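Following: one structure in structure tokens, then a few remarks.
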There are 2 protein chains.
Amino acid sequence: MSDTAAIEPVGKRERTKAANREAILLAARRVFAQLGYEASTVRDIIRGTDLASGTFYNYFRSKEEVFEALADDGAARFKPQLQAARARASSFEDYLATAYHAYFQFLLDENGGEGKPIDERQPHVRTDTPEMIAIYEEVRQGLEDAIARGVAPRVDADFLANACIGIAQEVGRAMMRRTPPDVDAAAQFAVGLVLHGLDGAPRKR
Amino acid sequence: MSDTAAIEPVGKRERTKAANREAILLAARRVFAQLGYEASTVRDIIRGTDLASGTFYNYFRSKEEVFEALADDGAARFKPQLQAARARASSFEDYLATAYHAYFQFLLDENGGEGKPIDERQPHVRTDTPEMIAIYEEVRQGLEDAIARGVAPRVDADFLANACIGIAQEVGRAMMRRTPPDVDAAAQFAVGLVLHGLDGAPRKR
DNA sequence: TCTAAAAATTGACGGGCCGTCATTCTTGTG
DNA sequence: CACAAGAATGACGGCCCGTCAATTTTTAGA
């Protein structure tokens with residue numbers, strides 16, 4: 001028992017289906033990274049697999065949908081970390097620090113861990129996928145919780161959640177541009193800024 | 001003499017050239033807004049003018065280049081406001097407040113001033129055009145100035161500039177989602193956050 | 001004013017990608 | 001083993017892309 005293929009998808013049908021879907025996502029990851037999202041075509045993606053062009057459309061309706069699936073995927077892997085951070089946090093500062101650290105580490109891990117200079121100059125596409133929105137909700141929840149428990153001032157939670165996300169995105173990008181990226185430094189900076197603004201941001205050097 | 005067409009572009013050649021370029025940009029603005037950037041095609045754009053398809057390529061190499069021109073355009077209109085804010089500012093807080101206010105007002109003005117619900121759910125494209133980068137430089141300059149003059153703590157100016165921009169983008173988007181958008185509230189929030197973090201963000205209501 | 005060179009416009013064309021669909025192959029079931 | 005349901009295949013019509021030879025418009029020199 002507990003031998004190979006005993007777990008998860010039992011039928012061959014389901015197994016190949018999952019495999020094909022995974023193959024497409026994997027190829028898409030490569031192609032998007034290589035050609036850039038805009039320039040990539042559905043054909044480029046399926047050429048990266050051993051499937052026929054028509055097969056693509058059994059799994060996704062368009063290149064956009066593949067992108068969303070990839071984004072959802074990433075978000076789905078990241079969200080639990082956020083929730084864990086909220087559950088375990090001993091203070092609001094702790095929550096912020098853990099969350100930012102997790103995000104920056106996530107960024108680093110996802111983007112080839114290293115090396116790839118991240119072809120700047122290429123348009124960036126930001127889709128607000130359901131999971132992305134869910135992350136916003138999670139962040140907002142965390143903030144409202146903190147506010148309700150009195151450990152954070154009663155500010156506009158919507159603005160604040162969005163601001164925190166904006167900081168994460170841009171400071172994260174800035175961090176990734178440096179060599180080597182310093183997750184701790186970025187997290188410290190973000191936490192300090194959110195908590196105390198300029199007064200609290202870590203001094204340089 | 002000094003009759004019509006005495007000013008600016010003298011030759012008919014140059015005049016129509018400028019007019020055509022303008023016509024293309026105008027049509028592109030409409031088309032992008034209507035169909036969304038991704039879905040728009042070069043053909044859609046020229047159909048919005050009385051030019052032939054081939055003519056488009058005398059002015060731009062691609063839809064992307066049109067987008068960049070539009071972005072540059074906007075940035076070029078906005079940048080002077082930032083510079084003015086820096087020149088006239090009586091304090092760092094004043095500089096921040098003026099800059100943020102100008103940006104949020106700019107956002108509001110550019111996006112149909114009102115009404116348009118800004119079709120969320122449409123992928124957003126962010127190109128780092130030269131002018132956009134210039135704005136980052138301007139912001140960074142303003143911050144480094146403030147730091148050098150001792151009116152702002154010696155923090156990581158690169159991180160800070162990026163964080164300020166991230167805040168501007170996300171809080172700006174949040175503001176635009178509300179009805180009616182409140183420029184003052186958004187600016188106050190952003191300034192408070194940057195200066196003093198949660199401690200300084202305006203309390204709700 | 002007339003005319004030749006330069007500049008700009010035009011739209012048709014070959015090539016590629018899109019999304020569909022009838023056909024073929026594969027898997028599950030009795 | 002036979003048969004139905006499900007999935008993969010690749011050819012096809014339609015659209016968009018970027019180019020380019022032909023044509024029209026503008027400029028400048030005689």
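In the structure tokens, each chain is lettered A, B, ... as it comes, each chain's residues begin at 1, and ligands are numbered from 1 in order of appearance.
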Please determine the contact residues of chain C with respect to chain B at a cut-off of 9 Å, counting only C-alpha atoms (C1' of nucleotides), and supply them as a PDB file with C-alpha atoms (C1' of nucleotides), in the first residue's frame.
ATOM      1  C1'  DA C   7       8.534  63.896 -48.534  1.00  0.00           C
ATOM      2  C1'  DA C   8       4.503  61.777 -47.145  1.00  0.00           C
ATOM      3  C1'  DT C   9       0.299  58.947 -47.952  1.00  0.00           C
ATOM      4  C1'  DT C  10      -1.974  55.056 -49.565  1.00  0.00           C
ATOM      5  C1'  DG C  11      -3.777  50.357 -49.638  1.00  0.00           C
TER       6       DG C  11
END
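Once B:Ile45 and its same-chain neighbours fewer than 2 positions away are set aside, B:Ala23, B:Ile24, B:Leu25, B:Leu26, B:Ala27, B:Ala28, B:Arg29, B:Arg30, B:Val31, B:Phe32, B:Ser40, B:Thr41, B:Val42, B:Arg43, B:Arg47, B:Gly48, B:Thr49, B:Leu51, B:Ser53, B:Phe56, B:Lys63, B:Val66 remain within 10 Å of it when counting only C-alpha atoms (C1' of nucleotides).
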Distance atom CA of B:Thr129-atom CA of B:Ala71, one decimal place?
->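 If I compute the distance from atom CA of B:Thr129 to atom CA of B:Ala71, I get 7.2 Å.
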Quick one: distance from atom CA of B:Asp128 to atom CA of B:Leu96 in Å, one decimal?
->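 Those two atoms sit 22.6 Å apart.
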Please return, as an NGL selection string, all residues of chain D lying within 9 Å of chain A when only C-alpha atoms (C1' of nucleotides) are considered.
-> :D and (6-10)
Let me see the file: selected residues, C-alpha atoms (C1' of nucleotides), as an mmCIF file, in the first residue's frame.
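Saved to selection-v1.cif:
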data_model
loop_
_atom_site.group_PDB
_atom_site.id
_atom_site.type_symbol
_atom_site.label_atom_id
_atom_site.label_comp_id
_atom_site.auth_asym_id
_atom_site.auth_seq_id
_atom_site.Cartn_x
_atom_site.Cartn_y
_atom_site.Cartn_z
ATOM 1 C "C1'" DG D 6 -13.806 12.438 -23.161
ATOM 2 C "C1'" DA D 7 -9.725 14.465 -24.913
ATOM 3 C "C1'" DA D 8 -6.179 15.614 -28.556
ATOM 4 C "C1'" DT D 9 -5.262 16.943 -33.112
ATOM 5 C "C1'" DG D 10 -4.286 20.104 -36.867
#
